[in-house]
Structure formats: C-alpha cells, structure tokens
file model_35.txt (compact mmCIF, C-alpha atoms and all ligand atoms)
# COMPACT_ATOMS: atom_id res chain seq x y z
CA MET A 292 0.00 0.00 0.00
CA THR A 293 2.77 2.46 -0.85
CA ASN A 294 1.11 3.70 -4.04
CA GLN A 295 0.77 7.44 -3.80
CA LEU A 296 -2.57 9.04 -4.59
CA THR A 297 -2.81 11.65 -7.36
CA PRO A 298 -4.56 14.97 -6.65
CA MET A 299 -8.08 15.06 -8.15
CA PRO A 300 -8.33 17.12 -11.35
CA ASP A 301 -9.42 20.70 -10.70
CA ASP A 302 -9.84 22.02 -14.25
CA TRP A 303 -13.63 21.81 -14.17
CA GLN A 304 -16.51 24.02 -13.12
CA ARG A 305 -19.59 21.80 -12.59
CA ALA A 306 -20.04 18.55 -10.68
CA LEU A 307 -23.04 16.37 -9.92
CA ALA A 308 -23.05 13.91 -7.02
CA ILE A 309 -25.54 11.05 -7.38
CA VAL A 310 -26.11 8.59 -4.53
CA ALA A 311 -28.82 6.34 -3.14
CA HIS A 312 -29.53 7.85 0.29
CA PRO A 313 -29.36 10.94 2.48
CA ASP A 314 -26.03 10.63 4.42
CA ASP A 315 -24.17 8.69 1.66
CA LEU A 316 -22.15 11.78 0.72
CA GLU A 317 -21.66 12.91 4.29
CA TYR A 318 -20.07 9.62 5.40
CA GLY A 319 -16.70 10.61 3.97
CA CYS A 320 -16.91 12.79 0.94
CA ALA A 321 -18.58 16.07 2.01
CA ALA A 322 -15.27 17.64 3.11
CA ALA A 323 -13.95 17.19 -0.44
CA ILE A 324 -17.10 18.79 -1.82
CA ALA A 325 -16.54 21.74 0.53
CA THR A 326 -13.07 22.36 -0.98
CA TRP A 327 -14.61 22.55 -4.43
CA THR A 328 -17.46 24.91 -3.57
CA ALA A 329 -15.00 27.10 -1.60
CA ALA A 330 -13.00 27.41 -4.84
CA GLY A 331 -16.09 28.68 -6.66
CA ARG A 332 -17.10 25.42 -8.34
CA GLU A 333 -20.73 24.38 -8.58
CA VAL A 334 -21.79 21.05 -7.07
CA SER A 335 -25.35 19.66 -7.09
CA TYR A 336 -26.80 16.59 -5.40
CA VAL A 337 -29.25 14.03 -6.76
CA LEU A 338 -30.52 11.33 -4.40
CA ALA A 339 -32.34 8.28 -5.69
CA THR A 340 -34.39 7.99 -2.46
CA ARG A 341 -35.29 10.01 0.64
CA GLY A 342 -33.79 7.32 2.88
CA GLU A 343 -37.26 6.68 4.31
CA ALA A 344 -36.43 3.10 5.37
CA GLY A 345 -33.27 4.15 7.23
CA ILE A 346 -34.57 4.78 10.76
CA ASP A 347 -35.85 1.71 12.56
CA THR A 348 -37.92 3.67 15.08
CA LEU A 349 -39.60 5.95 12.53
CA ASP A 350 -42.28 5.00 10.02
CA PRO A 351 -41.18 5.74 6.44
CA ALA A 352 -44.01 8.25 5.98
CA GLU A 353 -42.45 10.35 8.76
CA ALA A 354 -38.82 9.48 8.13
CA GLY A 355 -38.83 10.57 4.46
CA PRO A 356 -39.55 14.28 5.10
CA VAL A 357 -37.21 14.34 8.14
CA ARG A 358 -34.35 12.88 6.15
CA GLU A 359 -35.01 15.18 3.20
CA ARG A 360 -34.70 18.20 5.52
CA GLU A 361 -31.53 16.80 7.09
CA GLN A 362 -30.01 16.20 3.65
CA ARG A 363 -30.73 19.77 2.52
CA ALA A 364 -29.15 21.13 5.74
CA SER A 365 -26.09 18.87 5.26
CA ALA A 366 -25.68 20.09 1.70
CA ALA A 367 -25.92 23.75 2.75
CA VAL A 368 -23.01 23.26 5.20
CA VAL A 369 -20.69 22.43 2.29
CA GLY A 370 -22.02 25.07 -0.09
CA VAL A 371 -24.45 22.91 -2.09
CA ARG A 372 -27.84 24.49 -2.80
CA SER A 373 -29.30 22.19 -5.45
CA VAL A 374 -30.61 18.93 -3.93
CA GLU A 375 -33.05 16.72 -5.85
CA PHE A 376 -34.80 13.48 -4.91
CA LEU A 377 -35.82 10.94 -7.55
CA ASP A 378 -38.47 9.01 -5.59
CA HIS A 379 -37.07 5.51 -5.90
CA ALA A 380 -38.04 3.29 -2.96
CA ASP A 381 -35.42 3.10 -0.22
CA GLY A 382 -33.99 -0.38 0.29
CA VAL A 383 -35.39 -1.86 -2.92
CA ILE A 384 -33.87 0.24 -5.71
CA GLU A 385 -33.68 -1.94 -8.81
CA TYR A 386 -30.67 -1.79 -11.06
CA GLY A 387 -31.90 -1.62 -14.63
CA VAL A 388 -32.87 0.47 -17.60
CA ALA A 389 -35.43 2.55 -15.65
CA LEU A 390 -32.78 3.61 -13.14
CA ARG A 391 -30.22 4.32 -15.87
CA ARG A 392 -32.83 6.47 -17.66
CA ASP A 393 -33.56 8.53 -14.52
CA LEU A 394 -29.87 9.08 -13.85
CA ALA A 395 -29.06 9.88 -17.49
CA ALA A 396 -31.89 12.46 -17.40
CA ALA A 397 -30.37 14.02 -14.26
CA ILE A 398 -26.93 14.19 -15.91
CA ARG A 399 -28.43 15.77 -19.05
CA ARG A 400 -30.24 18.35 -16.87
CA HIS A 401 -27.19 19.32 -14.84
CA ARG A 402 -24.51 18.98 -17.56
CA PRO A 403 -21.63 18.18 -15.19
CA GLU A 404 -17.99 17.64 -16.14
CA LEU A 405 -17.41 15.56 -13.02
CA VAL A 406 -19.89 13.00 -11.66
CA ILE A 407 -19.44 11.70 -8.12
CA THR A 408 -20.94 8.55 -6.67
CA LEU A 409 -20.38 5.98 -3.94
CA ASN A 410 -18.71 2.56 -3.84
CA ALA A 411 -20.77 0.06 -5.87
CA ASP A 412 -18.54 -2.95 -5.18
CA ASP A 413 -19.99 -6.00 -3.46
CA THR A 414 -18.19 -5.14 -0.22
CA TRP A 415 -16.56 -2.40 1.84
CA GLU A 416 -12.89 -3.38 2.06
CA GLY A 417 -13.72 -7.04 1.60
CA THR A 418 -15.24 -7.36 5.07
CA HIS A 419 -18.66 -5.70 5.09
CA TRP A 420 -21.30 -6.54 2.48
CA ASN A 421 -22.39 -3.40 0.61
CA SER A 422 -26.08 -2.50 0.45
CA PRO A 423 -28.12 -3.43 -2.63
CA ASP A 424 -29.09 0.23 -3.11
CA HIS A 425 -25.43 1.35 -3.18
CA ARG A 426 -24.55 -1.40 -5.64
CA ALA A 427 -27.49 -0.56 -7.92
CA VAL A 428 -27.09 3.21 -7.91
CA GLY A 429 -23.29 3.30 -8.16
CA ARG A 430 -23.25 0.95 -11.14
CA ALA A 431 -26.10 2.81 -12.82
CA VAL A 432 -24.28 6.14 -12.34
CA LEU A 433 -21.19 4.77 -14.09
CA ASP A 434 -23.42 3.53 -16.92
CA ALA A 435 -25.53 6.69 -17.10
CA ALA A 436 -22.47 8.93 -17.54
CA GLY A 437 -22.14 7.31 -20.98
CA ASP A 438 -25.88 6.94 -21.62
CA ALA A 439 -26.35 10.70 -21.13
CA GLY A 440 -24.24 11.43 -24.21
CA ASN A 441 -25.86 8.94 -26.56
CA ARG A 442 -28.59 10.69 -28.55
CA TRP A 443 -30.04 7.37 -29.74
CA ILE A 444 -30.99 6.02 -26.33
CA PHE A 445 -33.40 7.52 -23.82
CA ARG A 446 -34.77 9.74 -26.57
CA GLY A 447 -37.28 12.41 -25.68
CA LEU A 448 -35.51 13.32 -22.45
CA GLU A 449 -33.36 16.43 -22.17
CA GLU A 450 -30.73 17.20 -24.81
CA PRO A 451 -27.87 14.67 -24.76
CA TRP A 452 -24.82 15.72 -22.70
CA ASP A 453 -21.51 14.12 -23.61
CA GLY A 454 -19.45 16.47 -21.46
CA VAL A 455 -18.84 14.15 -18.48
CA ARG A 456 -15.05 13.82 -18.28
CA TRP A 457 -14.74 11.68 -15.16
CA VAL A 458 -16.79 9.65 -12.69
CA ALA A 459 -15.24 9.73 -9.21
CA VAL A 460 -16.24 6.88 -6.89
CA ALA A 461 -15.98 7.71 -3.18
CA GLY A 462 -15.35 5.02 -0.61
CA SER A 463 -13.58 2.72 -3.08
CA ASP A 464 -11.24 -0.02 -1.86
CA SER A 465 -8.83 0.89 -4.64
CA PRO A 466 -8.67 4.68 -4.78
CA THR A 467 -6.48 6.42 -7.35
CA HIS A 468 -6.99 10.11 -6.47
CA ALA A 469 -7.47 12.30 -3.41
CA VAL A 470 -8.44 15.77 -2.22
CA ASP A 471 -6.57 17.58 0.57
CA VAL A 472 -9.23 18.43 3.17
CA THR A 473 -6.99 20.16 5.72
CA HIS A 474 -9.16 23.28 5.61
CA THR A 475 -12.60 21.70 5.20
CA LEU A 476 -12.55 18.71 7.54
CA GLU A 477 -14.57 20.66 10.09
CA GLN A 478 -17.25 21.37 7.46
CA GLY A 479 -17.29 17.64 6.74
CA VAL A 480 -17.95 16.96 10.43
CA ARG A 481 -20.71 19.62 10.57
CA SER A 482 -22.28 18.30 7.39
CA LEU A 483 -22.66 14.74 8.72
CA LEU A 484 -23.87 16.09 12.08
CA GLU A 485 -26.91 17.59 10.32
CA HIS A 486 -28.29 14.04 9.98
CA ARG A 487 -29.45 14.39 13.57
CA ALA A 488 -32.45 12.05 13.65
CA TYR A 489 -30.57 9.39 11.71
CA ILE A 490 -27.49 9.50 13.95
CA ALA A 491 -29.56 9.61 17.15
CA ALA A 492 -31.22 6.35 16.11
CA LEU A 493 -27.90 4.79 15.10
CA THR A 494 -25.67 5.23 18.14
CA THR A 495 -25.82 5.95 21.85
CA GLU A 496 -22.53 7.87 21.63
CA PRO A 497 -22.75 11.66 21.81
CA PRO A 498 -23.39 12.61 18.16
CA GLU A 499 -20.50 15.04 17.82
CA ALA A 500 -17.92 12.59 19.20
CA TYR A 501 -19.26 9.81 16.97
CA VAL A 502 -19.15 11.98 13.85
CA ARG A 503 -15.77 13.56 14.58
CA ASN A 504 -14.06 10.20 15.20
CA LEU A 505 -15.47 8.81 12.02
CA ILE A 506 -14.74 11.71 9.66
CA GLU A 507 -11.29 12.48 11.06
CA GLY A 508 -10.50 8.77 11.00
CA PHE A 509 -11.40 8.46 7.31
CA ALA A 510 -9.31 11.50 6.42
CA GLN A 511 -6.23 10.36 8.37
CA GLN A 512 -6.40 6.80 7.06
CA GLU A 513 -5.04 7.73 3.62
CA ALA A 514 -2.77 10.61 4.68
CA ALA A 515 0.36 8.44 4.38
CA ARG A 516 -0.36 8.06 0.68
CA PHE A 517 -0.99 11.78 0.18
CA GLY A 518 1.96 13.65 1.64
CA GLY A 519 0.70 13.34 5.21
CA ARG A 520 -2.31 15.54 4.48
CA PRO A 521 -5.82 14.50 5.57
CA ALA A 522 -7.42 13.21 2.40
CA ILE A 523 -10.73 12.15 0.92
CA THR A 524 -10.09 9.52 -1.73
CA PHE A 525 -11.76 8.56 -4.98
CA ARG A 526 -11.37 5.99 -7.69
CA LEU A 527 -11.43 8.08 -10.85
CA PHE A 528 -12.85 6.68 -14.09
CA PRO A 529 -12.10 8.84 -17.16
CA CYS A 530 -15.02 8.94 -19.60
ZN ZN B 601 -26.55 4.61 1.88

call {"tool": "encode", "arguments": {"input": "model_35.txt", "output": "structure tokens"}}
result
Amino acid sequence: MTNQLTPMPDDWQRALAIVAHPDDLEYGCAAAIATWTAAGREVSYVLATRGEAGIDTLDPAEAGPVREREQRASAAVVGVRSVEFLDHADGVIEYGVALRRDLAAAIRRHRPELVITLNADDTWEGTHWNSPDHRAVGRAVLDAAGDAGNRWIFRGLEEPWDGVRWVAVAGSDSPTHAVDVTHTLEQGVRSLLEHRAYIAALTTEPPEAYVRNLIEGFAQQEAARFGGRPAITFRLFPC
C-alpha cells in the first residue's frame, strides 16, 4: 500500500453527485465537496431515495420528510444548494434500464464535467457486504455517464450531454486520487452532524464525538499516501 494518490483534477466548473440515500455523501466525501465549492465550483446533489427506510424507530411516511430536511441542511453546510430526490423506494432500488434512464436524465439536466458517486462494489474493504441500493445506484451512475451522451438512447428526455469527463467513486477499496481536506474537515464533520435524527437512532454515543471520530479517521487513514495531508479519496474513471 505504498502507491501514492494523485490529486483530483481541478480544471472543471460543474459537478453532480448522485447517490442512493441521504447521508451517503456525508459519510466521507462532504469535506472534499466543501473544498470545491470554496474554490467557486458548482456542485449539485441528486438522491435516488429520501432514505425513508433508514430509521428503525420511525415509520417511512415520517422518516422521508425528516431525512429530506436533514439532507438539505447537510448540503448547505458544504455550499451545495441544489438537492433533488428521484423518488425511488429506499432499500429496494432496482438496477436496470429505468434507473439508468432517470440518472441519465439528471446528468443531461445538470450537464456536469465531473460525476461523483459511492462505492458500488460487493463489499466495503472485503469485510462488510455493501447495500443493494449502493450497488445498484453506483453501477447505474457509471453507466448513465455514458448513456447521457448517446442521442439514440433515452430519446425524448433532455438534450444529450456528452461532457462528463470523469466519474469519481468515493469510498472505493482501490482509490487512485485524493483531495486535501486540511481546511474543510470541520465542514465535513458539521455536514454529517446535520443528519441528527438518523445518527440519534444509530448510536448511543454523543453525536458530535461519533461523527468527529469517524470523519477524522477516514481522512487520516489515507494521509500516508498523500503527503501526510488529511485526504478524501476517490477511484477516478475517465469517460
Ligand atoms: Zn446509503
């Protein structure tokens, strides 16, 4: 594990992050997003679901609106104002043409140069099984980045957009690139902390201690491969 990570490209203006659930971007990658918005770049979020099945003690009808509010607050902390929800059903998102079409439509609407998503591998670091929603959405995002540019498929949606230059996968076991988050780690902590109802149901630890340990831990984990700087890592796929 001595391979050094390459700095993420920064010659772009517009990014779109597409994930399955509220909190997917905040568990790790929000501090990187904060560095980009601080530099004047535009980042938007698209979530396949409202995460309505994510709180055991709360009925989905109540949890959906709560989690939507928490996601919007989390986004605001890192300078993201555009947050959309696609109304897929939490926990049972199906990988397939319908999902690819929805995501391609989102990419055509937002016209990003960089698309960000979350680990779609079977596992997290070979030890924890990944969720079916993460696997479905992450794979469909990688597919939809190409679909968005093909005028002959998904016709009748928005104008094709073939301007996606990279898809960056956060939380990958085999990252290639990283972002120095020295100055935005605190925003990353604050962003995850906005998922108050979710975190309260998840742990008995004081929320701030739980979140700080986690986010600072992620960022320090890869520092040795990035000049000792706290880093958020990505596996970068050129398009
Ligand atoms: Zn998730």

call {"tool": "atom_distance", "arguments": {"input": "model_35.txt", "atom1": "CA of Arg399 (chain A)", "atom2": "CA of His312 (chain A)"}}
result
20.9 Å

call {"tool": "closest_atom_pairs", "arguments": {"input": "model_35.txt", "of": "chain A", "to": "ligand ZN 601 (chain B)", "cutoff": "7 Å", "atoms": "only C-alpha atoms and all ligand atoms", "output": "CSV"}}
result
residue,atom,partner,partner_atom,distance
A:Ala311,CA,B:ZN601,ZN,5.8
A:His312,CA,B:ZN601,ZN,4.7
A:Pro313,CA,B:ZN601,ZN,7.0
A:Asp314,CA,B:ZN601,ZN,6.6
A:Asp315,CA,B:ZN601,ZN,4.7
A:His425,CA,B:ZN601,ZN,6.1

call {"tool": "residues_around", "arguments": {"input": "model_35.txt", "residues": "Ala364 (chain A)", "least_positions_apart": "2", "cutoff": "12 Å", "atoms": "all atoms listed in the file", "output": "ChimeraX atom specification"}}
result
/A:313-314,317,357-362,366-374,481-487

call {"tool": "closest_atom_pairs", "arguments": {"input": "model_35.txt", "of": "region 350-411 of chain A", "to": "region 516-524 of chain A", "cutoff": "12 Å", "atoms": "all atoms listed in the file", "output": "Markdown table"}}
result
| residue | atom | partner | partner_atom | distance |
| --- | --- | --- | --- | --- |
| A:Ile407 | CA | A:Thr524 | CA | 11.5 |
| A:Thr408 | CA | A:Thr524 | CA | 12.0 |
| A:Leu409 | CA | A:Thr524 | CA | 11.1 |
| A:Asn410 | CA | A:Thr524 | CA | 11.3 |

call {"tool": "residues_around", "arguments": {"input": "model_35.txt", "residues": "Gly454 (chain A)", "least_positions_apart": "2", "cutoff": "8 Å", "atoms": "all atoms listed in the file", "output": "PyMOL selection string"}}
result
chain A and resi 402-404+440+452+456

call {"tool": "residues_around", "arguments": {"input": "model_35.txt", "residues": "Gly345 (chain A)", "least_positions_apart": "3", "cutoff": "8 Å", "atoms": "only C-alpha atoms", "output": "PyMOL selection string"}}
result
chain A and resi 342+354+381+489

call {"tool": "decode", "arguments": {"input": "model_35.txt", "residues": "region 358-406 of chain A", "atoms": "N, CA and C atoms", "output": "PDB file, in the first residue's frame"}}
result
ATOM      1  N   ARG A 358     -35.660  13.121   6.764  1.00  0.00           N
ATOM      2  CA  ARG A 358     -34.350  12.881   6.152  1.00  0.00           C
ATOM      3  C   ARG A 358     -34.103  13.827   4.974  1.00  0.00           C
ATOM      4  N   GLU A 359     -35.169  14.188   4.279  1.00  0.00           N
ATOM      5  CA  GLU A 359     -35.010  15.181   3.204  1.00  0.00           C
ATOM      6  C   GLU A 359     -34.519  16.510   3.787  1.00  0.00           C
ATOM      7  N   ARG A 360     -35.131  16.941   4.881  1.00  0.00           N
ATOM      8  CA  ARG A 360     -34.696  18.202   5.519  1.00  0.00           C
ATOM      9  C   ARG A 360     -33.252  18.105   5.988  1.00  0.00           C
ATOM     10  N   GLU A 361     -32.908  16.957   6.602  1.00  0.00           N
ATOM     11  CA  GLU A 361     -31.534  16.799   7.093  1.00  0.00           C
ATOM     12  C   GLU A 361     -30.532  16.828   5.935  1.00  0.00           C
ATOM     13  N   GLN A 362     -30.912  16.217   4.809  1.00  0.00           N
ATOM     14  CA  GLN A 362     -30.007  16.204   3.653  1.00  0.00           C
ATOM     15  C   GLN A 362     -29.793  17.615   3.106  1.00  0.00           C
ATOM     16  N   ARG A 363     -30.860  18.390   3.032  1.00  0.00           N
ATOM     17  CA  ARG A 363     -30.726  19.767   2.523  1.00  0.00           C
ATOM     18  C   ARG A 363     -29.838  20.594   3.456  1.00  0.00           C
ATOM     19  N   ALA A 364     -29.987  20.403   4.767  1.00  0.00           N
ATOM     20  CA  ALA A 364     -29.152  21.131   5.736  1.00  0.00           C
ATOM     21  C   ALA A 364     -27.690  20.695   5.609  1.00  0.00           C
ATOM     22  N   SER A 365     -27.444  19.390   5.437  1.00  0.00           N
ATOM     23  CA  SER A 365     -26.086  18.874   5.257  1.00  0.00           C
ATOM     24  C   SER A 365     -25.424  19.464   4.022  1.00  0.00           C
ATOM     25  N   ALA A 366     -26.195  19.545   2.959  1.00  0.00           N
ATOM     26  CA  ALA A 366     -25.679  20.085   1.699  1.00  0.00           C
ATOM     27  C   ALA A 366     -25.303  21.556   1.879  1.00  0.00           C
ATOM     28  N   ALA A 367     -26.159  22.309   2.568  1.00  0.00           N
ATOM     29  CA  ALA A 367     -25.915  23.745   2.748  1.00  0.00           C
ATOM     30  C   ALA A 367     -24.599  23.991   3.484  1.00  0.00           C
ATOM     31  N   VAL A 368     -24.256  23.100   4.428  1.00  0.00           N
ATOM     32  CA  VAL A 368     -23.015  23.262   5.199  1.00  0.00           C
ATOM     33  C   VAL A 368     -21.779  23.251   4.299  1.00  0.00           C
ATOM     34  N   VAL A 369     -21.849  22.505   3.197  1.00  0.00           N
ATOM     35  CA  VAL A 369     -20.688  22.431   2.293  1.00  0.00           C
ATOM     36  C   VAL A 369     -20.931  23.204   0.989  1.00  0.00           C
ATOM     37  N   GLY A 370     -21.853  24.153   1.042  1.00  0.00           N
ATOM     38  CA  GLY A 370     -22.019  25.069  -0.089  1.00  0.00           C
ATOM     39  C   GLY A 370     -22.796  24.514  -1.268  1.00  0.00           C
ATOM     40  N   VAL A 371     -23.641  23.491  -1.007  1.00  0.00           N
ATOM     41  CA  VAL A 371     -24.450  22.910  -2.089  1.00  0.00           C
ATOM     42  C   VAL A 371     -25.901  23.328  -1.895  1.00  0.00           C
ATOM     43  N   ARG A 372     -26.460  23.995  -2.917  1.00  0.00           N
ATOM     44  CA  ARG A 372     -27.835  24.488  -2.796  1.00  0.00           C
ATOM     45  C   ARG A 372     -28.833  23.634  -3.557  1.00  0.00           C
ATOM     46  N   SER A 373     -28.376  22.960  -4.617  1.00  0.00           N
ATOM     47  CA  SER A 373     -29.302  22.193  -5.455  1.00  0.00           C
ATOM     48  C   SER A 373     -29.323  20.733  -4.993  1.00  0.00           C
ATOM     49  N   VAL A 374     -30.456  20.305  -4.426  1.00  0.00           N
ATOM     50  CA  VAL A 374     -30.611  18.929  -3.933  1.00  0.00           C
ATOM     51  C   VAL A 374     -31.927  18.386  -4.476  1.00  0.00           C
ATOM     52  N   GLU A 375     -31.844  17.320  -5.270  1.00  0.00           N
ATOM     53  CA  GLU A 375     -33.052  16.719  -5.855  1.00  0.00           C
ATOM     54  C   GLU A 375     -33.220  15.286  -5.376  1.00  0.00           C
ATOM     55  N   PHE A 376     -34.483  14.850  -5.322  1.00  0.00           N
ATOM     56  CA  PHE A 376     -34.799  13.480  -4.910  1.00  0.00           C
ATOM     57  C   PHE A 376     -35.589  12.822  -6.038  1.00  0.00           C
ATOM     58  N   LEU A 377     -35.221  11.592  -6.379  1.00  0.00           N
ATOM     59  CA  LEU A 377     -35.823  10.941  -7.548  1.00  0.00           C
ATOM     60  C   LEU A 377     -36.963   9.981  -7.222  1.00  0.00           C
ATOM     61  N   ASP A 378     -37.285   9.791  -5.960  1.00  0.00           N
ATOM     62  CA  ASP A 378     -38.467   9.009  -5.593  1.00  0.00           C
ATOM     63  C   ASP A 378     -38.377   7.515  -5.866  1.00  0.00           C
ATOM     64  N   HIS A 379     -37.163   6.976  -5.930  1.00  0.00           N
ATOM     65  CA  HIS A 379     -37.069   5.513  -5.897  1.00  0.00           C
ATOM     66  C   HIS A 379     -37.322   5.066  -4.458  1.00  0.00           C
ATOM     67  N   ALA A 380     -37.678   3.788  -4.289  1.00  0.00           N
ATOM     68  CA  ALA A 380     -38.044   3.292  -2.957  1.00  0.00           C
ATOM     69  C   ALA A 380     -36.802   2.835  -2.204  1.00  0.00           C
ATOM     70  N   ASP A 381     -36.601   3.404  -1.024  1.00  0.00           N
ATOM     71  CA  ASP A 381     -35.416   3.103  -0.216  1.00  0.00           C
ATOM     72  C   ASP A 381     -35.359   1.622   0.140  1.00  0.00           C
ATOM     73  N   GLY A 382     -34.222   1.024  -0.084  1.00  0.00           N
ATOM     74  CA  GLY A 382     -33.993  -0.377   0.286  1.00  0.00           C
ATOM     75  C   GLY A 382     -34.242  -1.348  -0.840  1.00  0.00           C
ATOM     76  N   VAL A 383     -35.041  -0.926  -1.834  1.00  0.00           N
ATOM     77  CA  VAL A 383     -35.389  -1.863  -2.916  1.00  0.00           C
ATOM     78  C   VAL A 383     -35.199  -1.222  -4.295  1.00  0.00           C
ATOM     79  N   ILE A 384     -34.186  -0.357  -4.403  1.00  0.00           N
ATOM     80  CA  ILE A 384     -33.875   0.238  -5.711  1.00  0.00           C
ATOM     81  C   ILE A 384     -33.448  -0.885  -6.648  1.00  0.00           C
ATOM     82  N   GLU A 385     -34.034  -0.894  -7.837  1.00  0.00           N
ATOM     83  CA  GLU A 385     -33.682  -1.936  -8.806  1.00  0.00           C
ATOM     84  C   GLU A 385     -32.701  -1.402  -9.821  1.00  0.00           C
ATOM     85  N   TYR A 386     -31.575  -2.107  -9.972  1.00  0.00           N
ATOM     86  CA  TYR A 386     -30.666  -1.792 -11.058  1.00  0.00           C
ATOM     87  C   TYR A 386     -31.363  -2.150 -12.367  1.00  0.00           C
ATOM     88  N   GLY A 387     -31.314  -1.283 -13.340  1.00  0.00           N
ATOM     89  CA  GLY A 387     -31.900  -1.623 -14.634  1.00  0.00           C
ATOM     90  C   GLY A 387     -32.057  -0.389 -15.485  1.00  0.00           C
ATOM     91  N   VAL A 388     -32.748  -0.591 -16.609  1.00  0.00           N
ATOM     92  CA  VAL A 388     -32.869   0.471 -17.604  1.00  0.00           C
ATOM     93  C   VAL A 388     -33.631   1.677 -17.042  1.00  0.00           C
ATOM     94  N   ALA A 389     -34.646   1.432 -16.198  1.00  0.00           N
ATOM     95  CA  ALA A 389     -35.431   2.552 -15.653  1.00  0.00           C
ATOM     96  C   ALA A 389     -34.552   3.448 -14.782  1.00  0.00           C
ATOM     97  N   LEU A 390     -33.687   2.828 -13.988  1.00  0.00           N
ATOM     98  CA  LEU A 390     -32.785   3.611 -13.136  1.00  0.00           C
ATOM     99  C   LEU A 390     -31.755   4.347 -13.989  1.00  0.00           C
ATOM    100  N   ARG A 391     -31.186   3.667 -14.973  1.00  0.00           N
ATOM    101  CA  ARG A 391     -30.222   4.323 -15.867  1.00  0.00           C
ATOM    102  C   ARG A 391     -30.866   5.520 -16.562  1.00  0.00           C
ATOM    103  N   ARG A 392     -32.129   5.367 -16.970  1.00  0.00           N
ATOM    104  CA  ARG A 392     -32.827   6.468 -17.656  1.00  0.00           C
ATOM    105  C   ARG A 392     -32.980   7.667 -16.722  1.00  0.00           C
ATOM    106  N   ASP A 393     -33.387   7.428 -15.483  1.00  0.00           N
ATOM    107  CA  ASP A 393     -33.557   8.532 -14.519  1.00  0.00           C
ATOM    108  C   ASP A 393     -32.234   9.254 -14.274  1.00  0.00           C
ATOM    109  N   LEU A 394     -31.165   8.468 -14.158  1.00  0.00           N
ATOM    110  CA  LEU A 394     -29.867   9.080 -13.848  1.00  0.00           C
ATOM    111  C   LEU A 394     -29.298   9.797 -15.078  1.00  0.00           C
ATOM    112  N   ALA A 395     -29.509   9.200 -16.258  1.00  0.00           N
ATOM    113  CA  ALA A 395     -29.063   9.881 -17.489  1.00  0.00           C
ATOM    114  C   ALA A 395     -29.805  11.208 -17.645  1.00  0.00           C
ATOM    115  N   ALA A 396     -31.104  11.212 -17.316  1.00  0.00           N
ATOM    116  CA  ALA A 396     -31.886  12.458 -17.401  1.00  0.00           C
ATOM    117  C   ALA A 396     -31.320  13.503 -16.443  1.00  0.00           C
ATOM    118  N   ALA A 397     -30.944  13.081 -15.239  1.00  0.00           N
ATOM    119  CA  ALA A 397     -30.371  14.023 -14.261  1.00  0.00           C
ATOM    120  C   ALA A 397     -29.049  14.593 -14.779  1.00  0.00           C
ATOM    121  N   ILE A 398     -28.222  13.730 -15.377  1.00  0.00           N
ATOM    122  CA  ILE A 398     -26.933  14.188 -15.912  1.00  0.00           C
ATOM    123  C   ILE A 398     -27.164  15.156 -17.081  1.00  0.00           C
ATOM    124  N   ARG A 399     -28.130  14.863 -17.928  1.00  0.00           N
ATOM    125  CA  ARG A 399     -28.426  15.770 -19.045  1.00  0.00           C
ATOM    126  C   ARG A 399     -28.938  17.117 -18.537  1.00  0.00           C
ATOM    127  N   ARG A 400     -29.713  17.105 -17.459  1.00  0.00           N
ATOM    128  CA  ARG A 400     -30.242  18.348 -16.872  1.00  0.00           C
ATOM    129  C   ARG A 400     -29.131  19.212 -16.285  1.00  0.00           C
ATOM    130  N   HIS A 401     -28.211  18.564 -15.584  1.00  0.00           N
ATOM    131  CA  HIS A 401     -27.189  19.320 -14.837  1.00  0.00           C
ATOM    132  C   HIS A 401     -25.925  19.586 -15.642  1.00  0.00           C
ATOM    133  N   ARG A 402     -25.659  18.799 -16.681  1.00  0.00           N
ATOM    134  CA  ARG A 402     -24.513  18.984 -17.561  1.00  0.00           C
ATOM    135  C   ARG A 402     -23.180  19.100 -16.806  1.00  0.00           C
ATOM    136  N   PRO A 403     -22.877  18.111 -15.958  1.00  0.00           N
ATOM    137  CA  PRO A 403     -21.631  18.180 -15.189  1.00  0.00           C
ATOM    138  C   PRO A 403     -20.429  17.693 -15.993  1.00  0.00           C
ATOM    139  N   GLU A 404     -19.247  18.180 -15.604  1.00  0.00           N
ATOM    140  CA  GLU A 404     -17.994  17.641 -16.141  1.00  0.00           C
ATOM    141  C   GLU A 404     -17.507  16.489 -15.269  1.00  0.00           C
ATOM    142  N   LEU A 405     -17.795  16.596 -13.982  1.00  0.00           N
ATOM    143  CA  LEU A 405     -17.412  15.561 -13.024  1.00  0.00           C
ATOM    144  C   LEU A 405     -18.676  14.996 -12.386  1.00  0.00           C
ATOM    145  N   VAL A 406     -18.786  13.669 -12.367  1.00  0.00           N
ATOM    146  CA  VAL A 406     -19.887  13.000 -11.664  1.00  0.00           C
ATOM    147  C   VAL A 406     -19.279  12.246 -10.486  1.00  0.00           C
TER     148      VAL A 406
END
